[in-house]
file coords-v9.txt (compact mmCIF, C-alpha atoms and all ligand atoms)
# COMPACT_ATOMS: atom_id res chain seq x y z
CA MET P 1 281.21 96.48 12.78
CA ALA P 2 280.38 94.45 15.90
CA PRO P 3 278.37 91.30 15.17
CA SER P 4 274.73 91.55 16.12
CA PRO P 5 273.97 89.75 19.38
CA VAL P 6 272.64 86.25 18.94
CA THR P 7 269.85 85.56 21.35
CA ALA P 8 268.78 82.14 22.52
CA HIS P 9 265.74 82.45 20.29
CA ARG P 10 267.66 82.85 17.03
CA LEU P 11 268.40 80.00 14.67
CA PRO P 12 269.92 80.36 11.22
CA PRO P 13 267.39 79.51 8.47
CA THR P 14 269.34 76.31 7.84
CA ASP P 15 270.71 75.15 11.12
CA THR P 16 274.24 73.74 11.25
CA SER P 17 272.67 70.34 12.00
CA GLY P 18 271.27 70.34 8.45
CA LEU P 19 267.67 70.92 9.54
CA ALA P 20 265.88 73.58 7.54
CA CYS P 21 264.30 75.85 10.13
CA GLU P 22 261.69 78.38 9.12
CA ARG P 23 260.81 81.61 10.86
CA ASN P 24 257.21 82.72 11.54
CA ARG P 25 255.51 79.80 9.80
CA PRO P 26 251.72 80.18 10.24
CA LEU P 27 250.57 77.17 12.25
CA ALA P 28 246.79 77.31 11.71
CA ARG P 29 246.90 75.02 8.70
CA TRP P 30 248.93 72.48 10.69
CA THR P 31 246.02 72.07 13.08
CA THR P 32 242.54 70.66 12.54
CA LEU P 33 240.92 73.68 14.26
CA ARG P 34 242.64 75.98 11.70
CA VAL P 35 243.23 78.82 14.16
CA GLY P 36 246.25 80.35 15.87
CA GLY P 37 249.35 82.35 15.08
CA PRO P 38 252.81 81.49 13.78
CA ALA P 39 255.69 79.50 15.22
CA GLU P 40 258.68 81.64 16.05
CA TRP P 41 260.78 78.86 14.53
CA SER P 42 259.63 75.61 13.01
CA VAL P 43 261.12 72.61 11.32
CA GLN P 44 259.55 69.64 9.59
CA VAL P 45 261.26 66.37 10.44
CA ARG P 46 260.94 63.25 8.28
CA SER P 47 262.58 60.62 10.46
CA SER P 48 262.90 59.88 14.15
CA ALA P 49 266.63 60.65 13.85
CA GLU P 50 265.74 64.15 12.57
CA LEU P 51 263.18 64.52 15.35
CA ALA P 52 265.82 63.66 17.94
CA ARG P 53 268.28 66.06 16.29
CA ALA P 54 265.77 68.93 16.30
CA VAL P 55 265.09 68.46 20.02
CA THR P 56 268.82 68.25 20.74
CA VAL P 57 269.61 71.41 18.74
CA ALA P 58 266.83 73.34 20.49
CA THR P 59 267.92 72.10 23.91
CA GLU P 60 271.55 73.06 23.25
CA ARG P 61 270.40 76.57 22.35
CA ASP P 62 268.06 76.92 25.33
CA LEU P 63 265.20 77.20 22.89
CA PRO P 64 261.82 75.96 24.15
CA TRP P 65 260.48 73.32 21.76
CA ARG P 66 257.22 71.54 21.17
CA ILE P 67 256.25 68.68 18.89
CA LEU P 68 253.18 68.97 16.67
CA GLY P 69 251.85 65.71 15.28
CA GLY P 70 248.54 65.92 13.41
CA GLY P 71 247.64 69.09 15.34
CA SER P 72 244.26 67.50 16.02
CA ASN P 73 244.27 67.89 19.79
CA VAL P 74 245.77 71.35 20.23
CA LEU P 75 244.66 74.96 20.40
CA ILE P 76 247.40 77.32 19.17
CA SER P 77 247.21 80.83 20.60
CA ASP P 78 246.67 83.79 18.27
CA ALA P 79 250.00 85.18 19.53
CA GLY P 80 251.71 82.08 18.20
CA VAL P 81 254.24 79.76 19.77
CA GLY P 82 257.69 80.88 20.93
CA GLY P 83 260.78 78.75 20.38
CA LEU P 84 260.91 75.82 17.97
CA VAL P 85 257.84 73.91 16.82
CA ILE P 86 258.80 70.51 15.42
CA LEU P 87 256.35 69.31 12.76
CA ASN P 88 256.52 65.55 12.96
CA ALA P 89 256.41 63.81 9.58
CA ALA P 90 258.53 60.82 10.69
CA ARG P 91 256.19 58.15 9.34
CA SER P 92 258.19 55.04 8.56
CA VAL P 93 257.33 51.52 9.55
CA LEU P 94 260.53 50.38 11.22
CA GLU P 95 259.82 46.68 11.77
CA GLU P 96 257.05 44.13 11.39
CA THR P 97 257.35 40.68 12.93
CA VAL P 98 254.73 37.96 12.67
CA CYS P 99 254.75 35.27 15.29
CA SER P 100 251.92 32.78 14.82
CA GLU P 101 248.68 34.69 15.47
CA GLU P 102 250.39 37.90 16.60
CA LEU P 103 251.91 40.85 14.74
CA ARG P 104 254.42 43.21 16.30
CA VAL P 105 254.75 46.46 14.40
CA ARG P 106 257.19 49.25 15.22
CA VAL P 107 256.51 52.66 13.66
CA GLU P 108 257.87 56.17 13.90
CA SER P 109 255.80 58.55 15.97
CA GLY P 110 254.65 60.76 13.09
CA ALA P 111 252.81 57.87 11.43
CA PRO P 112 249.10 58.69 11.04
CA LEU P 113 247.17 56.44 13.44
CA ALA P 114 244.16 56.07 11.11
CA GLY P 115 246.28 55.02 8.14
CA LEU P 116 248.13 52.46 10.24
CA ALA P 117 244.89 51.05 11.66
CA ARG P 118 243.33 50.72 8.21
CA ARG P 119 246.37 49.14 6.56
CA LEU P 120 246.66 46.55 9.33
CA ALA P 121 242.91 45.82 9.27
CA ARG P 122 243.10 45.19 5.50
CA ALA P 123 245.81 42.62 6.20
CA GLY P 124 243.67 40.91 8.87
CA TRP P 125 245.34 42.30 11.99
CA ALA P 126 242.95 43.42 14.73
CA GLY P 127 243.43 45.74 17.69
CA LEU P 128 243.57 49.26 16.25
CA GLU P 129 240.33 49.44 14.24
CA TRP P 130 238.88 51.96 16.71
CA GLY P 131 241.66 54.39 15.64
CA CYS P 132 240.56 54.62 12.01
CA GLY P 133 238.58 57.84 12.59
CA ILE P 134 241.20 59.61 14.70
CA PRO P 135 243.04 62.19 12.61
CA GLY P 136 246.32 62.43 14.54
CA THR P 137 249.68 60.71 14.71
CA VAL P 138 250.85 57.75 16.75
CA GLY P 139 252.91 60.13 18.94
CA GLY P 140 249.93 62.34 19.78
CA ALA P 141 247.81 59.27 20.51
CA ILE P 142 250.45 57.89 22.89
CA VAL P 143 250.73 61.18 24.78
CA GLY P 144 246.94 61.63 25.13
CA ASN P 145 245.94 57.94 25.34
CA ALA P 146 243.59 58.41 22.42
CA GLY P 147 240.66 56.05 22.28
CA ALA P 148 237.23 55.44 20.81
CA HIS P 149 234.54 52.77 20.58
CA GLY P 150 235.83 51.03 23.72
CA GLY P 151 239.48 50.86 22.58
CA GLU P 152 242.45 52.89 23.77
CA ILE P 153 246.01 53.19 22.49
CA LYS P 154 247.38 51.66 25.67
CA ASP P 155 245.56 48.38 24.93
CA ALA P 156 247.56 47.70 21.76
CA LEU P 157 250.78 49.42 22.78
CA VAL P 158 253.75 47.27 23.79
CA GLY P 159 256.10 50.16 24.46
CA ALA P 160 257.63 53.35 23.12
CA THR P 161 261.04 54.83 22.41
CA LEU P 162 261.49 58.19 24.09
CA LEU P 163 264.27 60.74 23.88
CA ASP P 164 265.57 61.32 27.38
CA ASN P 165 268.44 63.73 27.88
CA GLY P 166 269.67 63.20 24.35
CA HIS P 167 269.51 59.40 24.58
CA GLU P 168 266.93 56.94 23.33
CA ARG P 169 265.08 55.21 26.16
CA ALA P 170 262.76 52.26 25.63
CA VAL P 171 259.77 52.15 27.98
CA VAL P 172 257.06 49.52 28.28
CA VAL P 173 253.41 50.51 28.31
CA THR P 174 253.04 50.09 32.09
CA GLU P 175 255.68 52.78 32.63
CA LEU P 176 253.59 55.37 30.81
CA GLY P 177 251.12 56.01 33.63
CA TYR P 178 248.01 55.77 31.52
CA GLY P 179 244.59 57.07 32.55
CA TYR P 180 241.52 58.35 30.71
CA ARG P 181 242.92 60.57 27.92
CA THR P 182 246.13 61.12 29.82
CA SER P 183 249.57 59.66 30.46
CA ALA P 184 252.68 60.40 32.49
CA LEU P 185 253.96 62.19 29.37
CA ALA P 186 250.90 64.46 29.17
CA ARG P 187 251.08 65.23 32.90
CA SER P 188 254.75 66.16 32.79
CA PRO P 189 255.60 69.86 32.57
CA ALA P 190 258.36 68.87 30.12
CA PRO P 191 256.99 65.89 28.13
CA LEU P 192 259.68 63.69 26.63
CA PRO P 193 259.55 63.28 22.85
CA VAL P 194 258.07 60.02 21.59
CA LEU P 195 260.29 58.83 18.74
CA ALA P 196 258.70 55.48 17.94
CA ALA P 197 256.21 52.94 19.25
CA GLU P 198 255.59 49.21 19.08
CA PHE P 199 252.11 47.70 18.86
CA ARG P 200 250.80 44.18 19.24
CA LEU P 201 247.89 43.07 17.04
CA HIS P 202 246.18 39.73 16.70
CA ARG P 203 245.06 37.73 13.69
CA ALA P 204 241.40 38.17 12.67
CA ALA P 205 239.25 37.83 9.59
CA VAL P 206 239.72 40.78 7.21
CA ASP P 207 235.93 41.12 6.83
CA GLU P 208 235.52 41.37 10.57
CA CYS P 209 238.20 44.09 10.87
CA LEU P 210 236.85 46.09 7.92
CA GLY P 211 233.28 45.61 9.14
CA LYS P 212 234.16 47.25 12.45
CA ILE P 213 235.81 50.15 10.65
CA ALA P 214 232.75 50.67 8.43
CA GLU P 215 230.50 50.64 11.49
CA TYR P 216 232.68 53.19 13.33
CA GLU P 217 232.76 55.42 10.25
CA ARG P 218 228.97 55.30 9.97
CA TRP P 219 228.72 56.28 13.63
CA ARG P 220 231.06 59.23 13.19
CA ARG P 221 229.26 60.44 10.06
CA ALA P 222 225.95 60.35 11.95
CA HIS P 223 227.15 61.96 15.18
CA GLN P 224 230.11 64.22 14.53
CA PRO P 225 230.31 67.54 12.66
CA ARG P 226 232.21 67.80 9.37
CA GLU P 227 233.59 71.31 10.00
CA HIS P 228 237.07 71.99 11.36
CA SER P 229 237.39 71.01 15.02
CA ALA P 230 239.77 69.40 17.47
CA GLY P 231 237.42 66.55 18.32
CA SER P 232 236.16 66.58 21.90
CA MET P 233 236.93 69.85 23.62
CA PHE P 234 236.48 68.54 27.19
CA LYS P 235 237.05 65.19 28.87
CA ASN P 236 233.92 63.38 29.95
CA PRO P 237 233.40 63.87 33.70
CA PRO P 238 232.90 60.63 35.68
CA GLY P 239 229.47 59.12 34.95
CA THR P 240 228.41 61.60 32.29
CA ALA P 241 229.35 63.09 28.93
CA ALA P 242 230.65 66.63 28.51
CA GLY P 243 228.60 67.05 25.32
CA ARG P 244 225.40 66.06 27.13
CA LEU P 245 226.05 68.69 29.86
CA ILE P 246 226.83 71.45 27.36
CA ASP P 247 223.71 70.52 25.39
CA ALA P 248 221.56 70.43 28.55
CA ALA P 249 222.91 73.89 29.43
CA GLY P 250 221.36 75.12 26.17
CA LEU P 251 224.65 75.94 24.49
CA LYS P 252 224.43 73.92 21.28
CA GLY P 253 224.91 76.39 18.42
CA ALA P 254 226.35 79.17 20.63
CA GLU P 255 228.72 81.32 18.57
CA HIS P 256 231.61 83.66 19.10
CA GLY P 257 233.20 85.30 16.06
CA GLY P 258 233.99 82.49 13.64
CA ALA P 259 233.65 79.68 16.19
CA GLN P 260 230.59 77.73 17.20
CA ILE P 261 229.60 74.99 19.66
CA SER P 262 228.52 72.44 17.09
CA THR P 263 224.80 71.98 16.61
CA ARG P 264 225.49 68.31 15.92
CA HIS P 265 227.70 67.43 18.91
CA ALA P 266 228.01 69.93 21.77
CA ASN P 267 231.51 68.78 22.80
CA PHE P 268 232.86 69.68 19.35
CA PHE P 269 233.74 73.34 18.85
CA VAL P 270 233.92 74.12 15.14
CA THR P 271 235.44 76.97 13.17
CA GLN P 272 234.79 78.88 9.98
CA PRO P 273 237.47 80.76 8.01
CA GLY P 274 238.44 83.89 9.97
CA ALA P 275 237.93 82.27 13.38
CA THR P 276 240.55 82.95 16.04
CA ALA P 277 241.85 81.10 19.05
CA ALA P 278 240.27 83.88 21.14
CA ASP P 279 236.87 82.89 19.70
CA ILE P 280 237.42 79.31 20.86
CA VAL P 281 238.58 80.49 24.29
CA ALA P 282 235.41 82.61 24.62
CA LEU P 283 233.30 79.48 23.99
CA ILE P 284 235.41 77.43 26.42
CA ARG P 285 234.76 80.12 29.06
CA LEU P 286 231.03 80.12 28.30
CA ALA P 287 230.73 76.33 28.43
CA ARG P 288 232.78 75.87 31.59
CA ARG P 289 231.02 78.72 33.44
CA THR P 290 227.51 77.65 32.43
CA VAL P 291 228.02 73.94 33.17
CA LEU P 292 229.57 74.81 36.54
CA GLU P 293 226.65 77.12 37.45
CA ARG P 294 223.95 74.69 36.26
CA PHE P 295 225.35 71.33 37.31
CA GLY P 296 228.22 72.08 39.69
CA ILE P 297 230.58 70.17 37.40
CA GLN P 298 233.99 71.48 36.45
CA LEU P 299 234.82 70.61 32.85
CA GLU P 300 238.43 69.74 32.13
CA LEU P 301 239.98 70.50 28.74
CA GLU P 302 240.88 67.47 26.64
CA ILE P 303 242.86 69.51 24.10
CA SER P 304 246.30 71.00 24.83
CA PRO P 305 246.66 74.77 24.56
CA LEU P 306 250.02 75.73 23.00
CA GLY P 307 251.66 79.14 22.87
CA ARG P 308 251.42 82.46 24.69
CA TRP P 309 248.11 83.22 26.42
CA GLU P 310 246.77 86.18 28.34
CA HIS P 311 244.45 83.77 30.19
CA ASP P 312 245.31 80.07 30.25
CA PRO P 313 242.44 78.31 28.41
CA ARG P 314 242.65 75.41 30.89
CA TYR P 315 241.28 77.61 33.66
CA VAL P 316 238.97 80.19 32.04
CA GLY P 317 235.36 80.09 33.21
CA GLY P 318 235.98 77.62 36.02
CA SER P 319 236.49 77.94 39.74
CA ASN P 320 240.16 76.86 39.64
C1 LIG P 401 237.32 65.05 13.99
C2 LIG P 401 238.13 64.59 15.17
C3 LIG P 401 237.78 63.44 15.84
C4 LIG P 401 238.53 63.00 16.94
N1 LIG P 401 238.16 61.86 17.59
C5 LIG P 401 238.89 61.43 18.63
C6 LIG P 401 238.53 60.22 19.32
O1 LIG P 401 237.59 59.54 18.97
N2 LIG P 401 239.29 59.84 20.38
C7 LIG P 401 240.38 60.55 20.79
O2 LIG P 401 241.06 60.14 21.75
N3 LIG P 401 240.73 61.70 20.18
C8 LIG P 401 240.03 62.15 19.11
N4 LIG P 401 240.38 63.32 18.48
C9 LIG P 401 241.49 64.13 19.01
C10 LIG P 401 242.88 63.82 18.39
O3 LIG P 401 242.74 63.36 17.05
C11 LIG P 401 243.64 62.79 19.20
O4 LIG P 401 243.83 63.24 20.50
C12 LIG P 401 245.02 62.49 18.57
O5 LIG P 401 245.57 61.35 19.19
C13 LIG P 401 246.01 63.64 18.68
O6 LIG P 401 247.16 63.32 17.91
P1 LIG P 401 247.99 64.46 17.15
O7 LIG P 401 249.12 63.81 16.46
O8 LIG P 401 247.10 65.27 16.30
O9 LIG P 401 248.50 65.29 18.39
P2 LIG P 401 248.78 66.88 18.41
O10 LIG P 401 247.48 67.59 18.45
O11 LIG P 401 249.73 67.25 17.35
O12 LIG P 401 249.49 67.01 19.83
C14 LIG P 401 248.80 66.72 21.03
C15 LIG P 401 249.79 66.82 22.19
O13 LIG P 401 250.75 65.76 22.08
C16 LIG P 401 252.07 66.29 21.97
N5 LIG P 401 252.79 65.44 21.01
C17 LIG P 401 252.40 65.12 19.75
N6 LIG P 401 253.30 64.27 19.20
C18 LIG P 401 254.26 64.06 20.13
C19 LIG P 401 255.46 63.28 20.15
N7 LIG P 401 255.87 62.54 19.10
N8 LIG P 401 256.22 63.29 21.30
C20 LIG P 401 255.83 64.02 22.37
N9 LIG P 401 254.73 64.80 22.40
C21 LIG P 401 253.94 64.81 21.29
C22 LIG P 401 251.89 67.72 21.48
O14 LIG P 401 252.98 68.54 21.83
C23 LIG P 401 250.60 68.12 22.18
O15 LIG P 401 250.87 68.46 23.51
C24 LIG P 401 239.66 63.77 17.38
C25 LIG P 401 240.01 64.94 16.68
C26 LIG P 401 239.27 65.35 15.59
C27 LIG P 401 239.68 66.59 14.86
call {"tool": "encode", "arguments": {"input": "coords-v9.txt", "output": "structure tokens"}}
result
Amino acid sequence: MAPSPVTAHRLPPTDTSGLACERNRPLARWTTLRVGGPAEWSVQVRSSAELARAVTVATERDLPWRILGGGSNVLISDAGVGGLVILNAARSVLEETVCSEELRVRVESGAPLAGLARRLARAGWAGLEWGCGIPGTVGGAIVGNAGAHGGEIKDALVGATLLDNGHERAVVVTELGYGYRTSALARSPAPLPVLAAEFRLHRAAVDECLGKIAEYERWRRAHQPREHSAGSMFKNPPGTAAGRLIDAAGLKGAEHGGAQISTRHANFFVTQPGATAADIVALIRLARRTVLERFGIQLELEISPLGRWEHDPRYVGGSN
């Protein structure tokens, strides 16, 4: 009997590289919004070497790939994601060097940002306290230039190790083209994988570091919803806040299926069990269209849509 044809989108359950690939893994639970379909193929990697290997294997097989960190800034389509989704659990601290009043810490990109910020604050190292309420990984924060309470990842970042054409490439922070919630990586149609990152922190009193964290946590508890969300749906337009515009347009509490524009913070779109990505897209359309009609302002998505879409969520409801 002739062997069945092997298409570019087929991987054996355990790839020859030793990575255990899974077919049709539901992705919703890997995201904070809890919606979306399965990954055609997926693999969980536990080290930056495995992450590099997964990207290399996919590239060799012409398989599109995408890295998922904490899944806290993505919207996965209901149709799911084709190719290989790499679930990044590479969380090791690679190196810590203290030099007088400064700490240099090098971590793998799947390290949770909040956990890192808290651990360093407890040891009296300041510079990442603002990240303690951000539920994603270091890699996701580097791609999106995550920030809060006046801090941004780029301020503490020394540089990152990327995978470029199968080789590790060290870049310094100034090469990453940072802007408000964006970077050269985010703007690229084919973002390079972030394998690891190095941060610089400075010596401070433990009480001071933990005091800031407590204050930020209080602020989040008072202002942000507890339900599943992806944080801010839209970037803040220059001079104003997206949430304020959506609220002023009367859309707080608007619902579609299992999704709602939060009654607590209008730039947070929250979900209940049974919600779909299509429900979120319907609310994105409503918010963008209404804010454009009322205020002439085009809202730009902060989250990254992943997967196959009938209508690209970045453009629904707008004039572009
Ligand atoms: C309750 C809540 C509060 C939030 N508050 C904030 C806030 O205050 N400030 C803020 O900036 N954000 C906030 N966010 C959004 C989100 O947590 C951040 O953007 C976070 O940095 C995303 O990291 P992640 O690992 O979850 O990325 P993911 O959502 O997994 O991925 C985001 C993008 O980065 C890419 N990516 C991820 N890892 C890598 C890698 N290693 N190499 C290459 N590409 C990669 C993905 O492919 C995707 O395109 C919040 C989210 C929630 C749910």
call {"tool": "atom_distance", "arguments": {"input": "coords-v9.txt", "atom1": "CA of His311 in chain P", "atom2": "CA of Ala287 in chain P"}}
result
15.7 Å
call {"tool": "residues_near_ligand", "arguments": {"input": "coords-v9.txt", "ligand": "ligand LIG 401 (chain P)", "cutoff": "7 Å", "atoms": "only C-alpha atoms and all ligand atoms", "output": "ChimeraX atom specification"}}
result
/P:32,66-74,88,109-110,133-141,143-148,181,186,191-195,228-232,304
call {"tool": "write_last_selection", "arguments": {"input": "coords-v9.txt", "atoms": "C-alpha atoms", "output": "compact mmCIF listing (two decimals), in the coordinates of the input"}}
result
# COMPACT_ATOMS: atom_id res chain seq x y z
CA THR P 32 242.54 70.66 12.54
CA ARG P 66 257.22 71.54 21.17
CA ILE P 67 256.25 68.68 18.89
CA LEU P 68 253.18 68.97 16.67
CA GLY P 69 251.85 65.71 15.28
CA GLY P 70 248.54 65.92 13.41
CA GLY P 71 247.64 69.09 15.34
CA SER P 72 244.26 67.50 16.02
CA ASN P 73 244.27 67.89 19.79
CA VAL P 74 245.77 71.35 20.23
CA ASN P 88 256.52 65.55 12.96
CA SER P 109 255.80 58.55 15.97
CA GLY P 110 254.65 60.76 13.09
CA GLY P 133 238.58 57.84 12.59
CA ILE P 134 241.20 59.61 14.70
CA PRO P 135 243.04 62.19 12.61
CA GLY P 136 246.32 62.43 14.54
CA THR P 137 249.68 60.71 14.71
CA VAL P 138 250.85 57.75 16.75
CA GLY P 139 252.91 60.13 18.94
CA GLY P 140 249.93 62.34 19.78
CA ALA P 141 247.81 59.27 20.51
CA VAL P 143 250.73 61.18 24.78
CA GLY P 144 246.94 61.63 25.13
CA ASN P 145 245.94 57.94 25.34
CA ALA P 146 243.59 58.41 22.42
CA GLY P 147 240.66 56.05 22.28
CA ALA P 148 237.23 55.44 20.81
CA ARG P 181 242.92 60.57 27.92
CA ALA P 186 250.90 64.46 29.17
CA PRO P 191 256.99 65.89 28.13
CA LEU P 192 259.68 63.69 26.63
CA PRO P 193 259.55 63.28 22.85
CA VAL P 194 258.07 60.02 21.59
CA LEU P 195 260.29 58.83 18.74
CA HIS P 228 237.07 71.99 11.36
CA SER P 229 237.39 71.01 15.02
CA ALA P 230 239.77 69.40 17.47
CA GLY P 231 237.42 66.55 18.32
CA SER P 232 236.16 66.58 21.90
CA SER P 304 246.30 71.00 24.83
call {"tool": "residues_around", "arguments": {"input": "coords-v9.txt", "residues": "Gly80 in chain P", "least_positions_apart": "4", "cutoff": "9 Å", "atoms": "all atoms listed in the file", "output": "ChimeraX atom specification"}}
result
/P:24,26-27,36-40,76,306-308
call {"tool": "closest_residue", "arguments": {"input": "coords-v9.txt", "among": "P:Arg221, P:Lys212, P:Lys235, P:Arg288", "to": "Leu251 in chain P", "atoms": "all atoms listed in the file"}}
result
P:Arg288
call {"tool": "residues_near_point", "arguments": {"input": "coords-v9.txt", "point": "(246.1, 49.6, 14.0)", "cutoff": "6 Å", "atoms": "all atoms listed in the file", "output": "count of residues only"}}
result
6
call {"tool": "decode", "arguments": {"input": "coords-v9.txt", "residues": "range 6-90 of chain P", "atoms": "C-alpha atoms", "output": "mmCIF file, in the first residue's frame"}}
result
data_model
loop_
_atom_site.group_PDB
_atom_site.id
_atom_site.type_symbol
_atom_site.label_atom_id
_atom_site.label_comp_id
_atom_site.auth_asym_id
_atom_site.auth_seq_id
_atom_site.Cartn_x
_atom_site.Cartn_y
_atom_site.Cartn_z
ATOM 1 C CA VAL P 6 2.565 13.776 4.447
ATOM 2 C CA THR P 7 1.521 17.369 4.218
ATOM 3 C CA ALA P 8 3.458 20.288 5.591
ATOM 4 C CA HIS P 9 0.906 20.529 8.379
ATOM 5 C CA ARG P 10 1.474 17.029 9.754
ATOM 6 C CA LEU P 11 3.745 16.268 12.669
ATOM 7 C CA PRO P 12 4.052 12.904 14.382
ATOM 8 C CA PRO P 13 2.625 12.994 17.936
ATOM 9 C CA THR P 14 6.182 12.797 19.242
ATOM 10 C CA ASP P 15 8.377 14.636 16.835
ATOM 11 C CA THR P 16 11.786 13.195 15.964
ATOM 12 C CA SER P 17 13.324 16.128 17.857
ATOM 13 C CA GLY P 18 11.925 14.631 21.077
ATOM 14 C CA LEU P 19 9.243 17.299 21.505
ATOM 15 C CA ALA P 20 5.831 15.896 22.359
ATOM 16 C CA CYS P 21 3.454 17.579 19.940
ATOM 17 C CA GLU P 22 -0.277 17.391 20.485
ATOM 18 C CA ARG P 23 -3.004 17.661 17.884
ATOM 19 C CA ASN P 24 -6.132 19.817 18.345
ATOM 20 C CA ARG P 25 -5.361 20.985 21.883
ATOM 21 C CA PRO P 26 -8.113 23.417 22.980
ATOM 22 C CA LEU P 27 -6.417 26.765 23.555
ATOM 23 C CA ALA P 28 -9.108 28.649 25.488
ATOM 24 C CA ARG P 29 -7.753 27.592 28.865
ATOM 25 C CA TRP P 30 -4.280 28.786 27.856
ATOM 26 C CA THR P 31 -5.615 32.317 27.547
ATOM 27 C CA THR P 32 -6.977 34.702 30.162
ATOM 28 C CA LEU P 33 -10.048 35.495 28.004
ATOM 29 C CA ARG P 34 -10.916 31.750 27.969
ATOM 30 C CA VAL P 35 -12.278 31.777 24.412
ATOM 31 C CA GLY P 36 -11.155 30.401 21.062
ATOM 32 C CA GLY P 37 -10.655 27.106 19.281
ATOM 33 C CA PRO P 38 -7.876 24.520 19.211
ATOM 34 C CA ALA P 39 -4.308 24.594 17.956
ATOM 35 C CA GLU P 40 -3.775 22.380 14.947
ATOM 36 C CA TRP P 41 -0.532 21.314 16.624
ATOM 37 C CA SER P 42 0.881 22.436 19.935
ATOM 38 C CA VAL P 43 3.858 21.720 22.114
ATOM 39 C CA GLN P 44 4.750 22.835 25.604
ATOM 40 C CA VAL P 45 8.401 23.785 25.957
ATOM 41 C CA ARG P 46 10.192 23.926 29.314
ATOM 42 C CA SER P 47 13.502 25.515 28.373
ATOM 43 C CA SER P 48 14.734 28.089 25.900
ATOM 44 C CA ALA P 49 16.624 25.274 24.123
ATOM 45 C CA GLU P 50 13.298 23.446 23.625
ATOM 46 C CA LEU P 51 11.681 26.676 22.475
ATOM 47 C CA ALA P 52 14.414 27.156 19.875
ATOM 48 C CA ARG P 53 14.083 23.522 18.797
ATOM 49 C CA ALA P 54 10.306 23.796 18.369
ATOM 50 C CA VAL P 55 10.682 26.877 16.155
ATOM 51 C CA THR P 56 13.422 25.176 14.134
ATOM 52 C CA VAL P 57 11.379 21.992 13.630
ATOM 53 C CA ALA P 58 8.329 23.989 12.520
ATOM 54 C CA THR P 59 10.409 26.129 10.175
ATOM 55 C CA GLU P 60 12.059 23.061 8.609
ATOM 56 C CA ARG P 61 8.600 21.633 7.939
ATOM 57 C CA ASP P 62 7.169 24.875 6.552
ATOM 58 C CA LEU P 63 4.729 24.881 9.422
ATOM 59 C CA PRO P 64 3.544 28.307 10.587
ATOM 60 C CA TRP P 65 4.274 28.705 14.301
ATOM 61 C CA ARG P 66 3.318 31.076 17.057
ATOM 62 C CA ILE P 67 4.463 31.415 20.646
ATOM 63 C CA LEU P 68 1.911 31.686 23.442
ATOM 64 C CA GLY P 69 3.222 33.007 26.745
ATOM 65 C CA GLY P 70 0.617 33.695 29.431
ATOM 66 C CA GLY P 71 -2.051 34.128 26.733
ATOM 67 C CA SER P 72 -3.062 37.338 28.504
ATOM 68 C CA ASN P 73 -2.841 39.650 25.514
ATOM 69 C CA VAL P 74 -4.316 37.511 22.747
ATOM 70 C CA LEU P 75 -7.678 36.719 21.209
ATOM 71 C CA ILE P 76 -7.741 33.211 19.716
ATOM 72 C CA SER P 77 -10.250 32.725 16.907
ATOM 73 C CA ASP P 78 -13.079 30.220 17.314
ATOM 74 C CA ALA P 79 -11.715 28.417 14.240
ATOM 75 C CA GLY P 80 -8.472 27.857 16.105
ATOM 76 C CA VAL P 81 -4.875 28.370 15.074
ATOM 77 C CA GLY P 82 -3.245 26.542 12.166
ATOM 78 C CA GLY P 83 0.317 25.232 12.361
ATOM 79 C CA LEU P 84 2.234 24.846 15.616
ATOM 80 C CA VAL P 85 1.428 26.790 18.777
ATOM 81 C CA ILE P 86 4.376 26.770 21.171
ATOM 82 C CA LEU P 87 3.274 27.028 24.802
ATOM 83 C CA ASN P 88 6.165 28.702 26.547
ATOM 84 C CA ALA P 89 6.924 27.291 29.998
ATOM 85 C CA ALA P 90 10.676 28.041 29.833
#
